[in-house]
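Shown next: model18.cif, containing mmCIF, N, CA and C atoms.
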```
data_start
loop_
_atom_site.label_atom_id
_atom_site.label_comp_id
_atom_site.auth_asym_id
_atom_site.auth_seq_id
_atom_site.Cartn_x
_atom_site.Cartn_y
_atom_site.Cartn_z
N MET A 959 0.84 -1.18 0.00
CA MET A 959 0.00 0.00 0.00
C MET A 959 0.88 1.24 0.00
N HIS A 960 0.65 2.15 -0.91
CA HIS A 960 1.44 3.37 -1.04
C HIS A 960 0.74 4.51 -0.31
N LEU A 961 1.44 5.13 0.66
CA LEU A 961 0.89 6.28 1.35
C LEU A 961 1.55 7.53 0.82
N GLN A 962 0.75 8.57 0.59
CA GLN A 962 1.33 9.81 0.12
C GLN A 962 2.15 10.45 1.23
N SER A 963 3.15 11.22 0.86
CA SER A 963 4.01 11.83 1.87
C SER A 963 3.27 13.00 2.53
N GLU A 964 3.59 13.22 3.80
CA GLU A 964 2.98 14.30 4.56
C GLU A 964 4.07 15.00 5.36
N SER A 965 3.90 16.29 5.55
CA SER A 965 4.83 17.03 6.39
C SER A 965 4.05 18.04 7.21
N HIS A 966 4.63 18.48 8.31
CA HIS A 966 4.02 19.45 9.21
C HIS A 966 4.63 20.82 8.96
N VAL A 967 3.80 21.84 8.84
CA VAL A 967 4.28 23.22 8.74
C VAL A 967 3.37 24.10 9.59
N ASN A 968 3.91 25.21 10.05
CA ASN A 968 3.12 26.20 10.77
C ASN A 968 2.19 26.87 9.76
N TYR A 969 0.94 27.07 10.14
CA TYR A 969 -0.01 27.65 9.19
C TYR A 969 0.39 29.06 8.75
N GLY A 970 1.27 29.71 9.48
CA GLY A 970 1.75 31.04 9.10
C GLY A 970 2.47 31.04 7.76
N GLN A 971 2.95 29.87 7.34
CA GLN A 971 3.60 29.80 6.03
C GLN A 971 2.62 30.07 4.90
N LEU A 972 1.32 29.90 5.15
CA LEU A 972 0.32 30.23 4.13
C LEU A 972 0.34 31.72 3.82
N TYR A 973 0.71 32.56 4.81
CA TYR A 973 0.83 34.00 4.58
C TYR A 973 2.05 34.31 3.73
N ARG A 974 3.17 33.64 4.05
CA ARG A 974 4.45 33.98 3.44
C ARG A 974 4.70 33.29 2.11
N THR A 975 4.39 31.99 2.00
CA THR A 975 4.73 31.24 0.80
C THR A 975 3.58 30.33 0.34
N PRO A 976 2.39 30.89 0.06
CA PRO A 976 1.29 30.02 -0.34
C PRO A 976 1.57 29.28 -1.64
N GLY A 977 2.26 29.92 -2.57
CA GLY A 977 2.56 29.29 -3.85
C GLY A 977 3.43 28.06 -3.71
N ARG A 978 4.44 28.14 -2.86
CA ARG A 978 5.34 26.99 -2.65
C ARG A 978 4.59 25.82 -2.02
N LEU A 979 3.76 26.12 -1.02
CA LEU A 979 3.01 25.05 -0.37
C LEU A 979 2.05 24.39 -1.37
N LEU A 980 1.39 25.19 -2.18
CA LEU A 980 0.44 24.63 -3.15
C LEU A 980 1.15 23.87 -4.27
N GLN A 981 2.37 24.26 -4.61
CA GLN A 981 3.16 23.47 -5.58
C GLN A 981 3.47 22.09 -5.01
N ARG A 982 3.81 22.04 -3.73
CA ARG A 982 4.08 20.75 -3.09
C ARG A 982 2.83 19.87 -3.06
N VAL A 983 1.68 20.50 -2.79
CA VAL A 983 0.42 19.76 -2.78
C VAL A 983 0.09 19.27 -4.18
N ALA A 984 0.30 20.11 -5.18
CA ALA A 984 0.04 19.71 -6.56
C ALA A 984 0.92 18.53 -6.98
N ALA A 985 2.09 18.41 -6.36
CA ALA A 985 2.99 17.30 -6.66
C ALA A 985 2.60 16.02 -5.90
N GLY A 986 1.52 16.09 -5.10
CA GLY A 986 1.03 14.89 -4.44
C GLY A 986 1.26 14.83 -2.94
N GLU A 987 1.88 15.84 -2.38
CA GLU A 987 2.17 15.84 -0.95
C GLU A 987 0.97 16.39 -0.16
N SER A 988 0.70 15.83 0.99
CA SER A 988 -0.28 16.39 1.91
C SER A 988 0.48 17.13 3.00
N ILE A 989 -0.05 18.29 3.39
CA ILE A 989 0.63 19.12 4.38
C ILE A 989 -0.27 19.30 5.58
N VAL A 990 0.24 18.95 6.76
CA VAL A 990 -0.48 19.15 8.00
C VAL A 990 -0.16 20.56 8.48
N LEU A 991 -1.20 21.39 8.62
CA LEU A 991 -1.03 22.76 9.07
C LEU A 991 -1.19 22.80 10.58
N CYS A 992 -0.18 23.32 11.27
CA CYS A 992 -0.15 23.31 12.72
C CYS A 992 -0.18 24.72 13.29
N ARG A 993 -0.64 24.80 14.53
CA ARG A 993 -0.58 26.04 15.31
C ARG A 993 0.06 25.68 16.63
N TYR A 994 1.22 26.26 16.91
CA TYR A 994 1.99 25.92 18.11
C TYR A 994 2.25 24.42 18.20
N GLY A 995 2.51 23.79 17.05
CA GLY A 995 2.84 22.38 17.01
C GLY A 995 1.64 21.44 17.03
N GLU A 996 0.45 21.98 17.21
CA GLU A 996 -0.78 21.17 17.27
C GLU A 996 -1.42 21.11 15.88
N PRO A 997 -1.64 19.92 15.33
CA PRO A 997 -2.28 19.81 14.01
C PRO A 997 -3.67 20.43 14.02
N MET A 998 -3.93 21.30 13.02
CA MET A 998 -5.21 21.99 12.92
C MET A 998 -6.00 21.59 11.68
N ALA A 999 -5.29 21.46 10.55
CA ALA A 999 -5.97 21.19 9.28
C ALA A 999 -5.00 20.46 8.36
N LEU A 1000 -5.56 19.93 7.28
CA LEU A 1000 -4.77 19.17 6.31
C LEU A 1000 -4.98 19.77 4.93
N LEU A 1001 -3.91 20.11 4.26
CA LEU A 1001 -3.95 20.62 2.89
C LEU A 1001 -3.56 19.46 1.99
N THR A 1002 -4.50 18.99 1.16
CA THR A 1002 -4.27 17.79 0.36
C THR A 1002 -4.54 18.05 -1.11
N PRO A 1003 -3.99 17.20 -1.98
CA PRO A 1003 -4.31 17.31 -3.41
C PRO A 1003 -5.78 16.99 -3.65
N MET A 1004 -6.33 17.52 -4.73
CA MET A 1004 -7.71 17.20 -5.12
C MET A 1004 -7.73 15.77 -5.64
N PRO A 1005 -8.63 14.95 -5.14
CA PRO A 1005 -8.73 13.59 -5.65
C PRO A 1005 -9.40 13.57 -7.02
N SER A 1006 -9.15 12.54 -7.78
CA SER A 1006 -9.83 12.36 -9.06
C SER A 1006 -10.66 11.10 -8.98
N PRO A 1007 -11.90 11.10 -9.25
CA PRO A 1007 -12.74 12.26 -9.54
C PRO A 1007 -13.04 13.03 -8.26
N SER A 1008 -13.56 14.23 -8.42
CA SER A 1008 -13.87 15.09 -7.29
C SER A 1008 -14.93 14.44 -6.40
N PRO A 1009 -14.77 14.54 -5.08
CA PRO A 1009 -15.72 13.89 -4.17
C PRO A 1009 -17.11 14.53 -4.23
N ALA A 1010 -18.10 13.77 -3.78
CA ALA A 1010 -19.47 14.25 -3.79
C ALA A 1010 -19.70 15.33 -2.73
N ARG A 1011 -18.86 15.38 -1.72
CA ARG A 1011 -19.00 16.36 -0.64
C ARG A 1011 -18.89 17.78 -1.21
N GLN A 1012 -19.67 18.68 -0.65
CA GLN A 1012 -19.62 20.08 -1.08
C GLN A 1012 -18.49 20.80 -0.33
N PHE A 1013 -17.65 21.46 -1.07
CA PHE A 1013 -16.56 22.23 -0.51
C PHE A 1013 -16.84 23.71 -0.72
N LYS A 1014 -16.46 24.53 0.23
CA LYS A 1014 -16.55 25.97 0.07
C LYS A 1014 -15.36 26.41 -0.78
N ALA A 1015 -15.62 27.19 -1.84
CA ALA A 1015 -14.55 27.65 -2.73
C ALA A 1015 -13.71 28.72 -2.03
N LEU A 1016 -12.41 28.64 -2.26
CA LEU A 1016 -11.45 29.55 -1.64
C LEU A 1016 -10.33 29.79 -2.64
N THR A 1017 -10.10 31.05 -3.01
CA THR A 1017 -9.02 31.33 -3.95
C THR A 1017 -7.68 31.33 -3.21
N VAL A 1018 -6.60 31.21 -3.96
CA VAL A 1018 -5.26 31.24 -3.38
C VAL A 1018 -5.04 32.57 -2.65
N THR A 1019 -5.53 33.66 -3.23
CA THR A 1019 -5.38 34.98 -2.60
C THR A 1019 -6.12 35.03 -1.27
N GLN A 1020 -7.34 34.51 -1.24
CA GLN A 1020 -8.10 34.48 0.02
C GLN A 1020 -7.39 33.62 1.05
N LEU A 1021 -6.85 32.50 0.63
CA LEU A 1021 -6.15 31.60 1.54
C LEU A 1021 -4.92 32.28 2.14
N SER A 1022 -4.14 32.95 1.31
CA SER A 1022 -2.93 33.59 1.83
C SER A 1022 -3.26 34.82 2.68
N ARG A 1023 -4.35 35.52 2.36
CA ARG A 1023 -4.72 36.71 3.12
C ARG A 1023 -5.36 36.35 4.46
N ASP A 1024 -6.17 35.29 4.48
CA ASP A 1024 -6.93 34.91 5.68
C ASP A 1024 -6.55 33.52 6.18
N ALA A 1025 -5.27 33.20 6.18
CA ALA A 1025 -4.82 31.85 6.53
C ALA A 1025 -5.29 31.42 7.91
N ALA A 1026 -5.16 32.27 8.89
CA ALA A 1026 -5.53 31.89 10.26
C ALA A 1026 -7.02 31.55 10.33
N ARG A 1027 -7.85 32.39 9.75
CA ARG A 1027 -9.30 32.15 9.79
C ARG A 1027 -9.66 30.86 9.06
N CYS A 1028 -9.06 30.64 7.89
CA CYS A 1028 -9.35 29.44 7.10
C CYS A 1028 -8.94 28.17 7.84
N VAL A 1029 -7.76 28.18 8.43
CA VAL A 1029 -7.28 27.01 9.17
C VAL A 1029 -8.16 26.78 10.40
N TRP A 1030 -8.55 27.86 11.07
CA TRP A 1030 -9.41 27.74 12.24
C TRP A 1030 -10.76 27.13 11.86
N HIS A 1031 -11.34 27.59 10.75
CA HIS A 1031 -12.63 27.06 10.30
C HIS A 1031 -12.49 25.60 9.84
N ALA A 1032 -11.39 25.28 9.20
CA ALA A 1032 -11.16 23.89 8.79
C ALA A 1032 -11.05 23.00 10.03
N ASN A 1033 -10.37 23.49 11.05
CA ASN A 1033 -10.26 22.74 12.29
C ASN A 1033 -11.63 22.51 12.92
N GLY A 1034 -12.56 23.43 12.68
CA GLY A 1034 -13.91 23.31 13.19
C GLY A 1034 -14.84 22.48 12.32
N GLY A 1035 -14.34 21.97 11.19
CA GLY A 1035 -15.15 21.08 10.36
C GLY A 1035 -15.44 21.58 8.96
N GLN A 1036 -15.09 22.82 8.64
CA GLN A 1036 -15.33 23.36 7.30
C GLN A 1036 -14.39 22.70 6.29
N HIS A 1037 -14.88 22.38 5.13
CA HIS A 1037 -14.07 21.82 4.05
C HIS A 1037 -13.96 22.86 2.94
N TYR A 1038 -12.73 23.15 2.53
CA TYR A 1038 -12.49 24.14 1.47
C TYR A 1038 -11.90 23.48 0.23
N GLN A 1039 -12.19 24.08 -0.90
CA GLN A 1039 -11.58 23.70 -2.17
C GLN A 1039 -10.79 24.92 -2.62
N VAL A 1040 -9.46 24.78 -2.74
CA VAL A 1040 -8.60 25.89 -3.12
C VAL A 1040 -8.60 26.01 -4.65
N ILE A 1041 -8.91 27.22 -5.13
CA ILE A 1041 -9.06 27.47 -6.56
C ILE A 1041 -7.93 28.36 -7.06
N ARG A 1042 -7.30 27.97 -8.16
CA ARG A 1042 -6.30 28.82 -8.83
C ARG A 1042 -6.66 28.85 -10.31
N HIS A 1043 -6.78 30.04 -10.85
CA HIS A 1043 -7.13 30.24 -12.26
C HIS A 1043 -8.40 29.48 -12.65
N GLY A 1044 -9.38 29.48 -11.75
CA GLY A 1044 -10.65 28.85 -12.02
C GLY A 1044 -10.70 27.34 -11.88
N ARG A 1045 -9.58 26.72 -11.49
CA ARG A 1045 -9.54 25.25 -11.35
C ARG A 1045 -9.24 24.86 -9.91
N PRO A 1046 -9.91 23.82 -9.41
CA PRO A 1046 -9.59 23.35 -8.06
C PRO A 1046 -8.21 22.67 -8.06
N ILE A 1047 -7.36 23.08 -7.12
CA ILE A 1047 -6.01 22.53 -7.07
C ILE A 1047 -5.71 21.80 -5.76
N ALA A 1048 -6.48 22.08 -4.71
CA ALA A 1048 -6.21 21.46 -3.42
C ALA A 1048 -7.46 21.51 -2.55
N ARG A 1049 -7.40 20.73 -1.45
CA ARG A 1049 -8.45 20.77 -0.44
C ARG A 1049 -7.84 21.18 0.88
N LEU A 1050 -8.58 21.94 1.66
CA LEU A 1050 -8.20 22.27 3.03
C LEU A 1050 -9.29 21.65 3.89
N ILE A 1051 -8.93 20.62 4.66
CA ILE A 1051 -9.91 19.85 5.40
C ILE A 1051 -9.48 19.72 6.86
N PRO A 1052 -10.42 19.34 7.74
CA PRO A 1052 -10.05 19.17 9.15
C PRO A 1052 -8.99 18.08 9.30
N PHE A 1053 -8.13 18.27 10.27
CA PHE A 1053 -7.15 17.24 10.60
C PHE A 1053 -7.88 16.28 11.52
N GLY A 1054 -8.26 15.12 10.98
CA GLY A 1054 -9.09 14.19 11.73
C GLY A 1054 -8.44 12.85 11.95
N THR A 1055 -9.24 11.92 12.36
CA THR A 1055 -8.79 10.58 12.69
C THR A 1055 -8.10 9.90 11.52
N THR A 1056 -8.66 10.05 10.33
CA THR A 1056 -8.08 9.39 9.16
C THR A 1056 -6.65 9.87 8.92
N ALA A 1057 -6.45 11.18 9.00
CA ALA A 1057 -5.12 11.73 8.78
C ALA A 1057 -4.16 11.26 9.88
N THR A 1058 -4.65 11.20 11.10
CA THR A 1058 -3.81 10.74 12.21
C THR A 1058 -3.37 9.30 11.99
N GLU A 1059 -4.29 8.47 11.55
CA GLU A 1059 -3.94 7.08 11.29
C GLU A 1059 -2.91 6.98 10.17
N ARG A 1060 -3.02 7.81 9.14
CA ARG A 1060 -2.03 7.80 8.05
C ARG A 1060 -0.67 8.21 8.57
N LEU A 1061 -0.62 9.24 9.41
CA LEU A 1061 0.66 9.70 9.95
C LEU A 1061 1.30 8.61 10.81
N ARG A 1062 0.52 7.91 11.60
CA ARG A 1062 1.06 6.82 12.41
C ARG A 1062 1.60 5.70 11.54
N ALA A 1063 0.88 5.40 10.45
CA ALA A 1063 1.34 4.34 9.55
C ALA A 1063 2.66 4.73 8.87
N ILE A 1064 2.79 6.02 8.51
CA ILE A 1064 4.04 6.48 7.89
C ILE A 1064 5.18 6.39 8.91
N ALA A 1065 4.91 6.75 10.15
CA ALA A 1065 5.95 6.71 11.20
C ALA A 1065 6.42 5.28 11.45
N ARG A 1066 5.51 4.30 11.33
CA ARG A 1066 5.86 2.89 11.56
C ARG A 1066 6.68 2.31 10.41
N SER A 1067 6.50 2.85 9.21
CA SER A 1067 7.18 2.25 8.05
C SER A 1067 8.58 2.77 7.84
#
```
Could the structure of this file be written out as structure tokens, please?
Amino acid sequence: MHLQSESHVNYGQLYRTPGRLLQRVAAGESIVLCRYGEPMALLTPMPSPSPARQFKALTVTQLSRDAARCVWHANGGQHYQVIRHGRPIARLIPFGTTATERLRAIARS
């Protein structure tokens, strides 16, 4: 079973380098967004085909301008679809049990 790579970053990096983080996500990496070392949300590539769940649209500019609010809302259960040039490029979702189990599996391997 192949698990995608994941890394932890402070959500403040969304303010400083949103393009770099989204390039990493576009390459298949999932990024755990943390606040004071505590996982808050997960930035993941868009799956193919797109899931049936409704996501709130969020542009890259909105994400970089309002990173703290977006991560806080994702931590509270909101699911976002990050849009660049009219196309969905990533998801911002709550850091939940599924992500935790994936991280543990990666740590064991």
Report the residues retrieved by the PyMOL selection byres ((chain A and resi 982-990) around 6) from the displayed file, expressed as a short mmCIF file (atom, residue, chain, number, x, y, z; two decimals) with N, CA and C atoms, in the frame of the given file.
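Here's the written file expr-v1.cif:
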```cif
data_model
loop_
_atom_site.label_atom_id
_atom_site.label_comp_id
_atom_site.auth_asym_id
_atom_site.auth_seq_id
_atom_site.Cartn_x
_atom_site.Cartn_y
_atom_site.Cartn_z
N GLN A 962 0.75 8.57 0.59
CA GLN A 962 1.33 9.81 0.12
C GLN A 962 2.15 10.45 1.23
N SER A 963 3.15 11.22 0.86
CA SER A 963 4.01 11.83 1.87
C SER A 963 3.27 13.00 2.53
N GLU A 964 3.59 13.22 3.80
CA GLU A 964 2.98 14.30 4.56
C GLU A 964 4.07 15.00 5.36
N SER A 965 3.90 16.29 5.55
CA SER A 965 4.83 17.03 6.39
C SER A 965 4.05 18.04 7.21
N HIS A 966 4.63 18.48 8.31
CA HIS A 966 4.02 19.45 9.21
C HIS A 966 4.63 20.82 8.96
N VAL A 967 3.80 21.84 8.84
CA VAL A 967 4.28 23.22 8.74
C VAL A 967 3.37 24.10 9.59
N ARG A 978 4.44 28.14 -2.86
CA ARG A 978 5.34 26.99 -2.65
C ARG A 978 4.59 25.82 -2.02
N LEU A 979 3.76 26.12 -1.02
CA LEU A 979 3.01 25.05 -0.37
C LEU A 979 2.05 24.39 -1.37
N LEU A 980 1.39 25.19 -2.18
CA LEU A 980 0.44 24.63 -3.15
C LEU A 980 1.15 23.87 -4.27
N GLN A 981 2.37 24.26 -4.61
CA GLN A 981 3.16 23.47 -5.58
C GLN A 981 3.47 22.09 -5.01
N LEU A 991 -1.20 21.39 8.62
CA LEU A 991 -1.03 22.76 9.07
C LEU A 991 -1.19 22.80 10.58
N CYS A 992 -0.18 23.32 11.27
CA CYS A 992 -0.15 23.31 12.72
C CYS A 992 -0.18 24.72 13.29
N PRO A 997 -1.64 19.92 15.33
CA PRO A 997 -2.28 19.81 14.01
C PRO A 997 -3.67 20.43 14.02
N MET A 998 -3.93 21.30 13.02
CA MET A 998 -5.21 21.99 12.92
C MET A 998 -6.00 21.59 11.68
N ALA A 999 -5.29 21.46 10.55
CA ALA A 999 -5.97 21.19 9.28
C ALA A 999 -5.00 20.46 8.36
N LEU A 1000 -5.56 19.93 7.28
CA LEU A 1000 -4.77 19.17 6.31
C LEU A 1000 -4.98 19.77 4.93
N LEU A 1001 -3.91 20.11 4.26
CA LEU A 1001 -3.95 20.62 2.89
C LEU A 1001 -3.56 19.46 1.99
N THR A 1002 -4.50 18.99 1.16
CA THR A 1002 -4.27 17.79 0.36
C THR A 1002 -4.54 18.05 -1.11
N PRO A 1003 -3.99 17.20 -1.98
CA PRO A 1003 -4.31 17.31 -3.41
C PRO A 1003 -5.78 16.99 -3.65
#
```
List every residue of region 962-1067 of chain A that DSSP, applied to the backbone, labels as strand (DSSP E or B), and write the result as a ChimeraX atom specification.
/A:964-968,988-993,996-1003,1014-1017,1038-1042,1045-1052
Expansion of the PyMOL selection byres (((chain A and resi 1030-1044 and name CA) around 9) and name CA) into residues, as a PyMOL selection string
chain A and resi 997-1000+1004+1011-1019+1021+1025-1029+1045-1054
Work out how far CA of Pro1005 (chain A) is from CA of Thr975 (chain A), in Å to one decimal.
23.1 Å
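In this structure, atom C of Arg974 (chain A) sits 10.1 Å away from CA of Arg1023 (chain A).
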Which distance in Å separates atom N of Tyr994 (chain A) and atom C of Gly977 (chain A), to one decimal?
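So the answer is 20.8 Å.
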